[in-house]
>>> print(open('input_37.cif').read())   # mmCIF, C-alpha atoms (C1' of nucleotides)
data_data
loop_
_atom_site.label_atom_id
_atom_site.label_comp_id
_atom_site.auth_asym_id
_atom_site.auth_seq_id
_atom_site.Cartn_x
_atom_site.Cartn_y
_atom_site.Cartn_z
CA MET X 1 -45.02 7.98 -36.28
CA GLY X 2 -43.45 4.57 -35.98
CA ARG X 3 -43.76 1.42 -38.00
CA PRO X 4 -47.19 0.90 -39.57
CA LYS X 5 -49.25 -2.16 -38.75
CA SER X 6 -48.82 -4.99 -41.21
CA PHE X 7 -52.22 -6.49 -40.55
CA SER X 8 -55.64 -5.02 -40.15
CA ARG X 9 -58.19 -6.12 -37.60
CA GLU X 10 -60.49 -7.10 -40.43
CA GLU X 11 -57.91 -9.34 -42.10
CA VAL X 12 -57.39 -11.20 -38.86
CA LEU X 13 -61.12 -11.68 -38.34
CA GLU X 14 -61.56 -12.85 -41.91
CA LYS X 15 -58.91 -15.52 -41.46
CA ALA X 16 -59.73 -16.55 -37.89
CA MET X 17 -63.45 -16.90 -38.56
CA PRO X 18 -63.28 -20.08 -40.66
CA VAL X 19 -61.24 -21.80 -37.96
CA PHE X 20 -63.80 -21.08 -35.25
CA TRP X 21 -66.53 -21.87 -37.74
CA LYS X 22 -65.22 -25.36 -38.36
CA HIS X 23 -63.84 -26.32 -34.97
CA GLY X 24 -65.91 -24.26 -32.59
CA PHE X 25 -64.47 -22.40 -29.64
CA SER X 26 -63.20 -25.17 -27.36
CA ASP X 27 -61.45 -27.12 -30.04
CA THR X 28 -59.65 -24.15 -31.56
CA SER X 29 -56.18 -23.51 -30.13
CA LEU X 30 -54.14 -20.36 -30.26
CA GLN X 31 -51.60 -22.21 -32.36
CA GLU X 32 -54.21 -22.79 -35.03
CA LEU X 33 -55.24 -19.16 -34.87
CA GLU X 34 -51.64 -18.03 -35.27
CA ARG X 35 -51.20 -20.28 -38.27
CA ALA X 36 -54.48 -19.26 -39.90
CA THR X 37 -54.03 -15.52 -39.42
CA GLY X 38 -50.30 -15.39 -39.93
CA VAL X 39 -50.16 -13.14 -36.88
CA ASN X 40 -48.03 -13.88 -33.88
CA LYS X 41 -49.61 -14.63 -30.55
CA SER X 42 -48.24 -11.36 -29.23
CA GLY X 43 -49.92 -9.54 -32.06
CA LEU X 44 -53.23 -11.24 -31.46
CA TYR X 45 -53.17 -10.34 -27.79
CA SER X 46 -52.35 -6.73 -28.63
CA GLU X 47 -55.48 -6.54 -30.76
CA PHE X 48 -57.84 -8.75 -28.73
CA ARG X 49 -58.21 -9.19 -25.01
CA ASP X 50 -58.32 -12.98 -25.12
CA LYS X 51 -59.60 -15.92 -27.12
CA GLN X 52 -63.20 -15.22 -26.18
CA ASP X 53 -62.89 -11.63 -27.31
CA LEU X 54 -61.51 -12.76 -30.66
CA PHE X 55 -64.31 -15.29 -31.03
CA VAL X 56 -67.04 -12.74 -30.41
CA ALA X 57 -65.36 -10.33 -32.81
CA CYS X 58 -65.38 -13.06 -35.46
CA LEU X 59 -69.03 -13.72 -34.80
CA ARG X 60 -69.89 -10.05 -35.22
CA HIS X 61 -67.76 -9.85 -38.36
CA TYR X 62 -69.56 -12.85 -39.80
CA LEU X 63 -72.99 -11.44 -39.12
CA GLU X 64 -72.07 -8.06 -40.56
CA GLY X 65 -70.91 -9.83 -43.70
CA GLN X 66 -74.19 -11.68 -43.93
CA GLU X 67 -76.15 -8.48 -43.48
CA LYS X 68 -74.27 -6.88 -46.32
CA ARG X 69 -75.40 -9.65 -48.68
CA GLY X 70 -78.90 -8.29 -48.21
CA LEU X 71 -80.58 -11.55 -49.13
CA LEU X 72 -83.79 -10.44 -47.42
CA THR X 73 -83.95 -6.80 -48.45
CA LYS X 74 -83.98 -7.03 -52.24
CA GLU X 75 -86.99 -5.36 -53.78
CA PRO X 76 -89.62 -6.43 -54.31
CA LEU X 77 -90.01 -8.23 -50.98
CA GLY X 78 -91.54 -11.68 -51.21
CA TRP X 79 -91.03 -15.43 -51.45
CA LYS X 80 -88.09 -14.95 -53.81
CA ASN X 81 -86.10 -13.39 -50.99
CA VAL X 82 -87.08 -16.11 -48.54
CA GLU X 83 -86.00 -18.70 -51.06
CA ALA X 84 -82.66 -16.97 -51.60
CA PHE X 85 -82.18 -16.83 -47.85
CA LEU X 86 -82.76 -20.57 -47.45
CA LYS X 87 -80.75 -21.47 -50.52
CA HIS X 88 -77.74 -19.23 -50.13
CA GLY X 89 -77.77 -18.40 -46.45
CA PRO X 90 -76.16 -21.68 -45.39
CA LEU X 91 -72.75 -21.56 -47.03
CA ASN X 92 -70.68 -24.44 -48.33
CA LYS X 93 -67.34 -22.91 -49.25
CA GLY X 94 -64.75 -25.52 -48.42
CA GLU X 95 -64.43 -25.84 -44.67
CA GLN X 96 -67.19 -23.36 -43.91
CA LYS X 97 -70.39 -25.29 -43.83
CA GLY X 98 -73.78 -24.13 -42.69
CA CYS X 99 -73.92 -20.99 -40.59
CA PHE X 100 -71.32 -19.85 -38.10
CA SER X 101 -74.00 -18.28 -35.95
CA VAL X 102 -76.12 -21.43 -35.79
CA ASN X 103 -73.05 -23.53 -35.04
CA SER X 104 -72.18 -21.25 -32.15
CA MET X 105 -75.49 -21.93 -30.42
CA ARG X 106 -74.20 -25.34 -29.41
CA GLU X 107 -71.46 -23.76 -27.31
CA PHE X 108 -73.38 -21.07 -25.46
CA ALA X 109 -72.66 -22.86 -22.19
CA ILE X 110 -68.98 -21.94 -22.39
CA LEU X 111 -69.16 -18.81 -24.53
CA PRO X 112 -69.21 -15.30 -23.07
CA HIS X 113 -72.59 -13.69 -22.56
CA GLN X 114 -71.95 -11.32 -25.45
CA ALA X 115 -72.01 -14.22 -27.88
CA HIS X 116 -75.52 -15.10 -26.82
CA THR X 117 -76.62 -11.49 -27.10
CA VAL X 118 -75.15 -11.01 -30.56
CA VAL X 119 -76.77 -14.16 -31.90
CA ALA X 120 -80.12 -13.44 -30.28
CA GLU X 121 -80.23 -9.91 -31.67
CA ASN X 122 -79.37 -11.11 -35.13
CA ARG X 123 -82.09 -13.72 -35.01
CA ALA X 124 -84.64 -11.14 -33.96
CA ARG X 125 -83.61 -9.03 -36.92
CA LEU X 126 -83.87 -11.97 -39.30
CA GLN X 127 -87.28 -12.80 -37.94
CA GLN X 128 -88.50 -9.29 -38.69
CA LEU X 129 -87.04 -9.26 -42.19
CA LEU X 130 -88.59 -12.63 -42.92
CA ALA X 131 -91.96 -11.50 -41.61
CA ARG X 132 -91.85 -8.40 -43.80
CA ASN X 133 -91.11 -10.46 -46.89
CA ILE X 134 -93.86 -12.90 -46.05
CA GLU X 135 -96.37 -10.22 -45.34
CA ALA X 136 -95.78 -8.81 -48.82
CA GLU X 137 -97.22 -12.03 -50.19
CA LYS X 138 -100.44 -11.66 -48.20
CA PRO X 139 -100.70 -15.23 -46.94
CA ARG X 140 -103.71 -16.46 -44.98
CA MET X 141 -101.60 -17.37 -41.96
CA ASP X 142 -99.89 -14.97 -39.56
CA PRO X 143 -96.67 -13.76 -41.26
CA SER X 144 -94.78 -13.60 -37.95
CA ALA X 145 -95.65 -17.21 -37.15
CA ILE X 146 -94.53 -18.28 -40.60
CA ALA X 147 -91.30 -16.36 -40.13
CA ASP X 148 -90.58 -18.26 -36.90
CA MET X 149 -91.12 -21.49 -38.71
CA VAL X 150 -88.81 -20.48 -41.55
CA LEU X 151 -86.08 -19.55 -39.11
CA SER X 152 -86.28 -22.92 -37.39
CA PHE X 153 -86.15 -24.71 -40.69
CA PHE X 154 -83.14 -22.61 -41.62
CA SER X 155 -81.36 -23.56 -38.41
CA GLY X 156 -82.05 -27.19 -39.10
CA VAL X 157 -80.69 -27.05 -42.63
CA CYS X 158 -77.58 -25.30 -41.33
CA ILE X 159 -76.82 -27.85 -38.65
CA GLU X 160 -77.46 -30.71 -41.06
CA ARG X 161 -74.71 -29.43 -43.29
CA ASN X 162 -72.34 -31.10 -40.86
CA LEU X 163 -73.54 -34.45 -42.18
CA LYS X 164 -71.96 -35.88 -45.27
CA SER X 165 -75.32 -36.15 -46.98
CA GLY X 166 -74.24 -33.68 -49.64
CA LYS X 167 -75.63 -30.38 -50.73
CA GLY X 168 -78.20 -31.91 -53.02
CA ALA X 169 -80.23 -33.19 -50.09
CA SER X 170 -80.68 -29.76 -48.57
CA THR X 171 -81.55 -28.06 -51.86
CA ARG X 172 -84.25 -30.66 -52.36
CA LYS X 173 -85.63 -30.06 -48.88
CA THR X 174 -85.58 -26.34 -49.42
CA ALA X 175 -87.45 -26.72 -52.69
CA THR X 176 -90.14 -28.76 -50.97
CA PHE X 177 -90.37 -26.27 -48.15
CA MET X 178 -90.70 -23.33 -50.52
CA LYS X 179 -93.48 -25.04 -52.43
CA VAL X 180 -95.33 -25.44 -49.15
CA LEU X 181 -94.71 -21.84 -48.12
CA ARG X 182 -96.06 -20.43 -51.37
CA SER X 183 -99.29 -22.32 -50.79
CA LEU X 184 -99.97 -20.54 -47.52
CA MET F 1 -66.26 -65.62 -7.69
CA GLY F 2 -64.67 -62.42 -6.44
CA ARG F 3 -66.20 -59.09 -5.59
CA PRO F 4 -69.22 -58.18 -7.72
CA LYS F 5 -69.22 -55.00 -9.78
CA SER F 6 -70.78 -52.07 -8.01
CA PHE F 7 -71.79 -50.29 -11.17
CA SER F 8 -73.32 -51.44 -14.41
CA ARG F 9 -72.34 -50.21 -17.82
CA GLU F 10 -75.84 -48.85 -18.24
CA GLU F 11 -75.72 -46.82 -15.05
CA VAL F 12 -72.49 -45.20 -16.17
CA LEU F 13 -73.92 -44.35 -19.58
CA GLU F 14 -77.06 -42.95 -18.03
CA LYS F 15 -75.03 -40.60 -15.85
CA ALA F 16 -72.33 -39.70 -18.34
CA MET F 17 -74.78 -38.91 -21.15
CA PRO F 18 -76.15 -35.64 -19.70
CA VAL F 19 -72.63 -34.32 -19.28
CA PHE F 20 -71.71 -34.89 -22.90
CA TRP F 21 -75.14 -33.68 -23.89
CA LYS F 22 -74.65 -30.34 -22.24
CA HIS F 23 -70.96 -29.70 -22.75
CA GLY F 24 -70.20 -31.67 -25.89
CA PHE F 25 -67.13 -33.81 -26.33
CA SER F 26 -64.26 -31.32 -26.26
CA ASP F 27 -65.43 -29.42 -23.25
CA THR F 28 -66.10 -32.48 -21.10
CA SER F 29 -63.16 -33.54 -18.95
CA LEU F 30 -62.54 -36.89 -17.35
CA GLN F 31 -62.85 -35.21 -13.96
CA GLU F 32 -66.42 -34.21 -14.76
CA LEU F 33 -67.18 -37.72 -15.95
CA GLU F 34 -65.78 -39.20 -12.75
CA ARG F 35 -67.88 -36.85 -10.68
CA ALA F 36 -71.06 -37.43 -12.67
CA THR F 37 -70.79 -41.20 -12.79
CA GLY F 38 -69.32 -41.71 -9.35
CA VAL F 39 -66.89 -44.10 -10.95
CA ASN F 40 -63.17 -43.79 -10.67
CA LYS F 41 -61.07 -43.03 -13.72
CA SER F 42 -59.55 -46.50 -13.47
CA GLY F 43 -63.02 -47.97 -13.47
CA LEU F 44 -64.06 -45.97 -16.50
CA TYR F 45 -61.01 -47.10 -18.44
CA SER F 46 -61.67 -50.70 -17.49
CA GLU F 47 -65.11 -50.44 -19.06
CA PHE F 48 -64.37 -48.13 -22.00
CA ARG F 49 -61.34 -47.87 -24.24
CA ASP F 50 -61.09 -44.09 -24.03
CA LYS F 51 -63.15 -40.91 -23.91
CA GLN F 52 -64.27 -41.27 -27.49
CA ASP F 53 -65.45 -44.81 -26.86
CA LEU F 54 -67.47 -43.65 -23.88
CA PHE F 55 -68.97 -40.83 -25.91
CA VAL F 56 -70.10 -43.10 -28.72
CA ALA F 57 -71.53 -45.53 -26.18
CA CYS F 58 -73.52 -42.67 -24.63
CA LEU F 59 -74.77 -41.66 -28.03
CA ARG F 60 -75.95 -45.18 -28.77
CA HIS F 61 -77.54 -45.45 -25.34
CA TYR F 62 -79.38 -42.20 -25.93
CA LEU F 63 -80.72 -43.26 -29.30
CA GLU F 64 -81.82 -46.64 -27.98
CA GLY F 65 -83.72 -44.85 -25.24
CA GLN F 66 -85.41 -42.63 -27.79
CA GLU F 67 -86.36 -45.64 -29.90
CA LYS F 68 -87.98 -47.26 -26.92
CA ARG F 69 -90.26 -44.27 -26.48
CA GLY F 70 -91.82 -45.27 -29.78
CA LEU F 71 -93.12 -41.81 -30.54
CA LEU F 72 -93.45 -42.64 -34.22
CA THR F 73 -94.77 -46.19 -34.04
CA LYS F 74 -97.99 -45.77 -32.09
CA GLU F 75 -101.03 -47.00 -33.96
CA PRO F 76 -102.72 -45.64 -35.87
CA LEU F 77 -99.90 -43.98 -37.80
CA GLY F 78 -100.53 -40.40 -38.77
CA TRP F 79 -100.08 -36.71 -37.98
CA LYS F 80 -100.63 -37.36 -34.29
CA ASN F 81 -97.37 -39.27 -34.15
CA VAL F 82 -95.51 -36.61 -36.10
CA GLU F 83 -96.83 -34.01 -33.71
CA ALA F 84 -95.75 -36.05 -30.69
CA PHE F 85 -92.31 -36.45 -32.25
CA LEU F 86 -91.88 -32.70 -32.73
CA LYS F 87 -93.39 -31.84 -29.37
CA HIS F 88 -91.74 -34.40 -27.13
CA GLY F 89 -88.71 -35.44 -29.13
CA PRO F 90 -86.63 -32.42 -28.11
CA LEU F 91 -86.28 -32.80 -24.36
CA ASN F 92 -86.05 -30.11 -21.73
CA LYS F 93 -85.25 -31.93 -18.52
CA GLY F 94 -82.97 -29.68 -16.58
CA GLU F 95 -79.59 -29.54 -18.24
CA GLN F 96 -80.59 -31.76 -21.11
CA LYS F 97 -82.00 -29.53 -23.78
CA GLY F 98 -82.86 -30.40 -27.33
CA CYS F 99 -81.46 -33.60 -28.75
CA PHE F 100 -78.12 -35.15 -27.90
CA SER F 101 -77.82 -36.54 -31.39
CA VAL F 102 -78.45 -33.20 -33.09
CA ASN F 103 -76.02 -31.50 -30.75
CA SER F 104 -73.35 -34.00 -31.65
CA MET F 105 -73.49 -33.08 -35.31
CA ARG F 106 -71.62 -29.90 -34.55
CA GLU F 107 -68.59 -31.86 -33.40
CA PHE F 108 -68.29 -34.43 -36.15
CA ALA F 109 -64.95 -32.93 -37.14
CA ILE F 110 -63.33 -34.19 -33.96
CA LEU F 111 -65.57 -37.18 -33.20
CA PRO F 112 -64.70 -40.74 -34.22
CA HIS F 113 -66.16 -42.00 -37.46
CA GLN F 114 -68.54 -44.25 -35.54
CA ALA F 115 -70.36 -41.24 -34.16
CA HIS F 116 -71.18 -40.06 -37.65
CA THR F 117 -72.35 -43.51 -38.66
CA VAL F 118 -74.58 -43.94 -35.62
CA VAL F 119 -76.24 -40.57 -36.12
CA ALA F 120 -76.65 -41.03 -39.87
CA GLU F 121 -78.26 -44.44 -39.44
CA ASN F 122 -80.64 -43.14 -36.82
CA ARG F 123 -81.67 -40.27 -39.06
CA ALA F 124 -82.35 -42.63 -41.92
CA ARG F 125 -84.56 -44.67 -39.62
CA LEU F 126 -86.41 -41.59 -38.43
CA GLN F 127 -86.92 -40.48 -41.99
CA GLN F 128 -88.56 -43.78 -42.84
CA LEU F 129 -90.78 -43.78 -39.79
CA LEU F 130 -91.85 -40.23 -40.52
CA ALA F 131 -92.58 -41.07 -44.14
CA ARG F 132 -94.71 -44.03 -43.09
CA ASN F 133 -96.75 -41.90 -40.73
CA ILE F 134 -97.19 -39.24 -43.37
CA GLU F 135 -98.16 -41.69 -46.05
CA ALA F 136 -100.95 -42.94 -43.82
CA GLU F 137 -102.55 -39.51 -44.14
CA LYS F 138 -102.53 -39.66 -47.94
CA PRO F 139 -101.24 -36.16 -48.59
CA ARG F 140 -100.98 -34.75 -52.11
CA MET F 141 -97.20 -34.23 -51.82
CA ASP F 142 -94.56 -36.95 -51.76
CA PRO F 143 -94.45 -38.37 -48.19
CA SER F 144 -90.69 -38.91 -48.31
CA ALA F 145 -90.08 -35.29 -49.26
CA ILE F 146 -92.34 -34.13 -46.46
CA ALA F 147 -90.48 -36.40 -44.05
CA ASP F 148 -87.16 -34.79 -45.01
CA MET F 149 -88.65 -31.39 -44.33
CA VAL F 150 -89.98 -32.48 -40.94
CA LEU F 151 -86.59 -33.84 -39.95
CA SER F 152 -84.88 -30.58 -40.82
CA PHE F 153 -87.44 -28.60 -38.88
CA PHE F 154 -86.91 -30.95 -35.95
CA SER F 155 -83.16 -30.39 -36.06
CA GLY F 156 -83.71 -26.65 -36.07
CA VAL F 157 -86.04 -26.75 -33.08
CA CYS F 158 -83.51 -28.87 -31.21
CA ILE F 159 -80.58 -26.61 -31.83
CA GLU F 160 -82.65 -23.54 -30.95
CA ARG F 161 -83.27 -24.98 -27.49
CA ASN F 162 -79.80 -23.68 -26.66
CA LEU F 163 -81.21 -20.17 -26.80
CA LYS F 164 -82.90 -18.72 -23.77
CA SER F 165 -86.06 -18.05 -25.72
CA GLY F 166 -88.02 -20.44 -23.54
CA LYS F 167 -90.00 -23.52 -24.35
CA GLY F 168 -93.12 -21.59 -25.26
CA ALA F 169 -91.53 -20.28 -28.43
CA SER F 170 -90.82 -23.72 -29.81
CA THR F 171 -94.24 -25.12 -28.95
CA ARG F 172 -95.80 -22.24 -30.84
CA LYS F 173 -93.59 -22.88 -33.85
CA THR F 174 -94.42 -26.55 -33.76
CA ALA F 175 -98.14 -25.80 -33.63
CA THR F 176 -97.82 -23.59 -36.69
CA PHE F 177 -95.80 -26.18 -38.51
CA MET F 178 -98.29 -28.94 -37.72
CA LYS F 179 -101.16 -26.86 -38.98
CA VAL F 180 -99.28 -26.45 -42.26
CA LEU F 181 -98.48 -30.15 -42.48
CA ARG F 182 -102.08 -31.21 -42.02
CA SER F 183 -103.05 -29.05 -44.98
CA LEU F 184 -100.78 -30.91 -47.38
"C1'" DG V 1 -59.38 -68.15 6.09
"C1'" DG V 2 -58.30 -68.09 1.10
"C1'" DA V 3 -58.79 -67.41 -3.82
"C1'" DA V 4 -60.75 -64.34 -6.97
"C1'" DT V 5 -62.39 -60.19 -8.44
"C1'" DA V 6 -63.64 -55.10 -7.91
"C1'" DT V 7 -62.70 -50.51 -6.48
"C1'" DT V 8 -60.32 -46.63 -5.03
"C1'" DG V 9 -56.85 -43.24 -4.97
"C1'" DA V 10 -52.82 -41.59 -5.94
"C1'" DA V 11 -48.67 -41.16 -8.47
"C1'" DC V 12 -46.94 -40.56 -12.84
"C1'" DT V 13 -46.06 -39.38 -17.91
"C1'" DA V 14 -46.31 -36.43 -21.36
"C1'" DT V 15 -48.81 -33.26 -23.73
"C1'" DT V 16 -51.40 -29.25 -24.49
"C1'" DC V 17 -53.40 -25.07 -23.31
"C1'" DA V 18 -54.10 -19.78 -22.50
"C1'" DG V 19 -51.84 -16.08 -21.30
"C1'" DT V 20 -47.61 -13.00 -20.11
"C1'" DT V 21 -43.26 -11.06 -20.76
"C1'" DC V 22 -39.10 -9.74 -22.91
"C1'" DT V 23 -35.60 -9.19 -26.43
"C1'" DG V 24 -34.10 -8.20 -30.77
"C1'" DT V 25 -35.25 -6.35 -34.97
"C1'" DA V 26 -37.78 -4.13 -38.55
"C1'" DT V 27 -39.98 -0.01 -40.40
"C1'" DC V 28 -41.86 4.17 -40.46
"C1'" DG V 29 -41.80 9.79 -40.13
"C1'" DG V 30 -39.05 13.52 -39.33
"C1'" DC T 1 -29.60 9.18 -37.68
"C1'" DC T 2 -33.52 9.25 -34.02
"C1'" DG T 3 -37.53 8.48 -31.72
"C1'" DA T 4 -41.54 5.87 -31.97
"C1'" DT T 5 -44.16 2.13 -33.05
"C1'" DA T 6 -44.78 -2.76 -34.59
"C1'" DC T 7 -43.51 -7.29 -35.19
"C1'" DA T 8 -41.59 -12.21 -34.56
"C1'" DG T 9 -39.98 -15.47 -31.67
"C1'" DA T 10 -38.97 -17.60 -27.84
"C1'" DA T 11 -39.05 -18.44 -23.02
"C1'" DC T 12 -41.84 -18.98 -19.40
"C1'" DT T 13 -45.83 -19.75 -15.88
"C1'" DG T 14 -49.33 -22.30 -14.16
"C1'" DA T 15 -52.89 -25.02 -14.94
"C1'" DA T 16 -55.44 -28.61 -17.11
"C1'" DT T 17 -55.55 -32.46 -20.08
"C1'" DA T 18 -55.91 -37.81 -21.45
"C1'" DG T 19 -54.21 -41.85 -20.42
"C1'" DT T 20 -51.39 -45.54 -17.66
"C1'" DT T 21 -49.90 -48.10 -13.80
"C1'" DC T 22 -49.78 -49.81 -9.24
"C1'" DA T 23 -50.46 -50.68 -4.51
"C1'" DA T 24 -53.89 -50.87 -0.94
"C1'" DT T 25 -58.25 -52.21 0.23
"C1'" DA T 26 -62.90 -54.11 -0.15
"C1'" DT T 27 -66.19 -57.70 -1.13
"C1'" DT T 28 -67.73 -61.89 -2.63
"C1'" DC T 29 -67.96 -67.26 -2.85
"C1'" DC T 30 -65.98 -71.37 -1.47
#
>>> encode(input="input_37.cif", output="structure tokens")
Amino acid sequence: MGRPKSFSREEVLEKAMPVFWKHGFSDTSLQELERATGVNKSGLYSEFRDKQDLFVACLRHYLEGQEKRGLLTKEPLGWKNVEAFLKHGPLNKGEQKGCFSVNSMREFAILPHQAHTVVAENRARLQQLLARNIEAEKPRMDPSAIADMVLSFFSGVCIERNLKSGKGASTRKTATFMKVLRSL
Amino acid sequence: MGRPKSFSREEVLEKAMPVFWKHGFSDTSLQELERATGVNKSGLYSEFRDKQDLFVACLRHYLEGQEKRGLLTKEPLGWKNVEAFLKHGPLNKGEQKGCFSVNSMREFAILPHQAHTVVAENRARLQQLLARNIEAEKPRMDPSAIADMVLSFFSGVCIERNLKSGKGASTRKTATFMKVLRSL
DNA sequence: GGAATATTGAACTATTCAGTTCTGTATCGG
DNA sequence: CCGATACAGAACTGAATAGTTCAATATTCC
């Protein structure tokens, strides 16, 4: 049978993700990834084809984790879910600020095509979930159009987390935005 | 008197800016900057202290150019200006997509402190200009709060320009958003 | 022509990077 | 103990990186 593996693929992804999250793809070195995961370079290359492969795997892992939170599927559907999405979607746990997926958009030029696909698919899914929640509230405007708007606002809040303006600023903005949404 | 300079600082900035804009700081090499500006490495280092210095200078140059467009100062102040800001603020000229300033936020971790300062100050200025335009329309909600919201939406639209969703998507979103704003 | 300045290009340092390979060792099941 | 697998660590390749320095050349005014 041989010696069992001392690390799981998931553990590696969980530890590598924050590094990519903070530094992006270009500015993350294999040294940093070794240090963060505790796995030797040889080990990393036995599990992943190359740095790009590891990055995309992290991205997928992140998005799966976000899906599991189910912020937009709690019953009953409605503004409450949208508010939870805007409030708790962009994280702020130590080094991990905003949204890994939104951050990645900036680097599409050098990222593998898969990265673009993964992000685009996830956004399409979010758009649908948002639209469903909005539709439940029977607004006068087109739910799909509102959903697009919400997603853009979300992206903005995420990217602004890189500023040192503090979390308070974005919660205030979100509160204002939600008040507006509920009036539609 | 000696030989006159064959390039001006401004020319260099104008040509270097799109490179940083597209590739960011980390993924832009001096080779690319030489090629884009047509100026030798020695020349670049005679004009700028290092790569970071050149980057910050580009950022400033970009923001000055945006200021000169005066999208938010046209009289009379009002929603028209806000709409112009959202519509024509995020550029789409060839390689230059979205907003250089918003793009830079992603790299604050590795950028010099100046970069953060420059961007933060510009955002504060934008926020004020937006608020002034909004106030002119006498909405029921607090103009400053609305301005914050607009700025976040703007950031989102900019960052989403990295997707291949096309320009049509963002003009539609902006139209929706403007309709909402005018109802406040 | 001559003094002064600008520009180029290349050589050079020293570092970092991704990626590969190999060796020794550790750990399992049988 | 044995065969099989897994791991750590280091050595290594080959390329790219930022940044410096210098010599050769070009262009201007006087």
>>> atom_distance(input="input_37.cif", atom1="CA of His61 (chain F)", atom2="CA of Phe7 (chain F)")
16.0 Å
>>> atom_distance(input="input_37.cif", atom1="C1' of DT15 (chain V)", atom2="CA of Glu32 (chain X)")
16.3 Å
>>> residues_around(input="input_37.cif", residues="Leu13 (chain X)", least_positions_apart="5", cutoff="12 Å", atoms="all atoms listed in the file", output="ChimeraX atom specification")
/X:7-8,18-21,33-34,36-39,44,47-48,53-65
>>> interface_residues(input="input_37.cif", of="chain V", to="chain F", cutoff="8 Å", atoms="all atoms listed in the file", output="PDB file with C-alpha atoms (C1' of nucleotides), keeping the file's coordinate frame")
ATOM      1  C1'  DA V   4     -60.750 -64.340  -6.970  1.00  0.00           C
ATOM      2  C1'  DT V   5     -62.390 -60.190  -8.440  1.00  0.00           C
ATOM      3  C1'  DA V   6     -63.640 -55.100  -7.910  1.00  0.00           C
ATOM      4  C1'  DT V   7     -62.700 -50.510  -6.480  1.00  0.00           C
ATOM      5  C1'  DT V   8     -60.320 -46.630  -5.030  1.00  0.00           C
TER       6       DT V   8
END
>>> interface_residues(input="input_37.cif", of="chain T", to="chain F", cutoff="7 Å", atoms="all atoms listed in the file", output="list in words")
DT27, DT28 and DC29 of chain T
>>> residues_around(input="input_37.cif", residues="Ile146 (chain X)", least_positions_apart="3", cutoff="9 Å", atoms="all atoms listed in the file", output="CSV table (one decimal) with C-alpha atoms, in the frame of the given file")
chain,number,residue,atom,x,y,z
X,130,LEU,CA,-88.6,-12.6,-42.9
X,131,ALA,CA,-92.0,-11.5,-41.6
X,134,ILE,CA,-93.9,-12.9,-46.0
X,141,MET,CA,-101.6,-17.4,-42.0
X,142,ASP,CA,-99.9,-15.0,-39.6
X,143,PRO,CA,-96.7,-13.8,-41.3
X,149,MET,CA,-91.1,-21.5,-38.7
X,150,VAL,CA,-88.8,-20.5,-41.6
X,151,LEU,CA,-86.1,-19.6,-39.1
X,181,LEU,CA,-94.7,-21.8,-48.1
F,173,LYS,CA,-93.6,-22.9,-33.8
F,176,THR,CA,-97.8,-23.6,-36.7
F,177,PHE,CA,-95.8,-26.2,-38.5
>>> resolve_selection(input="input_37.cif", expression="the PyMOL selection byres ((chain X) within 10 of (chain F))", output="PyMOL selection string")
chain X and resi 22-27+102-110+116-117+119-120+141-142+145-165+169-170+172-177+179-181+183-184
>>> atom_distance(input="input_37.cif", atom1="C1' of DT20 (chain V)", atom2="CA of Leu111 (chain X)")
22.8 Å
>>> resolve_selection(input="input_37.cif", expression="the PyMOL selection byres ((chain F and resi 78-94) around 6)", output="compact mmCIF listing (two decimals) with C-alpha atoms, keeping the file's coordinate frame")
# COMPACT_ATOMS: atom_id res chain seq x y z
CA LEU F 71 -93.12 -41.81 -30.54
CA LEU F 72 -93.45 -42.64 -34.22
CA LEU F 77 -99.90 -43.98 -37.80
CA GLU F 95 -79.59 -29.54 -18.24
CA GLN F 96 -80.59 -31.76 -21.11
CA LYS F 97 -82.00 -29.53 -23.78
CA GLY F 98 -82.86 -30.40 -27.33
CA CYS F 99 -81.46 -33.60 -28.75
CA ASN F 133 -96.75 -41.90 -40.73
CA ILE F 134 -97.19 -39.24 -43.37
CA ALA F 136 -100.95 -42.94 -43.82
CA GLU F 137 -102.55 -39.51 -44.14
CA CYS F 158 -83.51 -28.87 -31.21
>>> residues_around(input="input_37.cif", residues="DT21 (chain V)", least_positions_apart="6", cutoff="12 Å", atoms="only C-alpha atoms (C1' of nucleotides)", output="list of chain:residue names")
X:Ser42, T:DA10, T:DA11, T:DC12, T:DT13
>>> resolve_selection(input="input_37.cif", expression="the PyMOL selection byres ((chain T and resi 16) around 8)", output="ChimeraX atom specification")
/V:17 /T:15,17
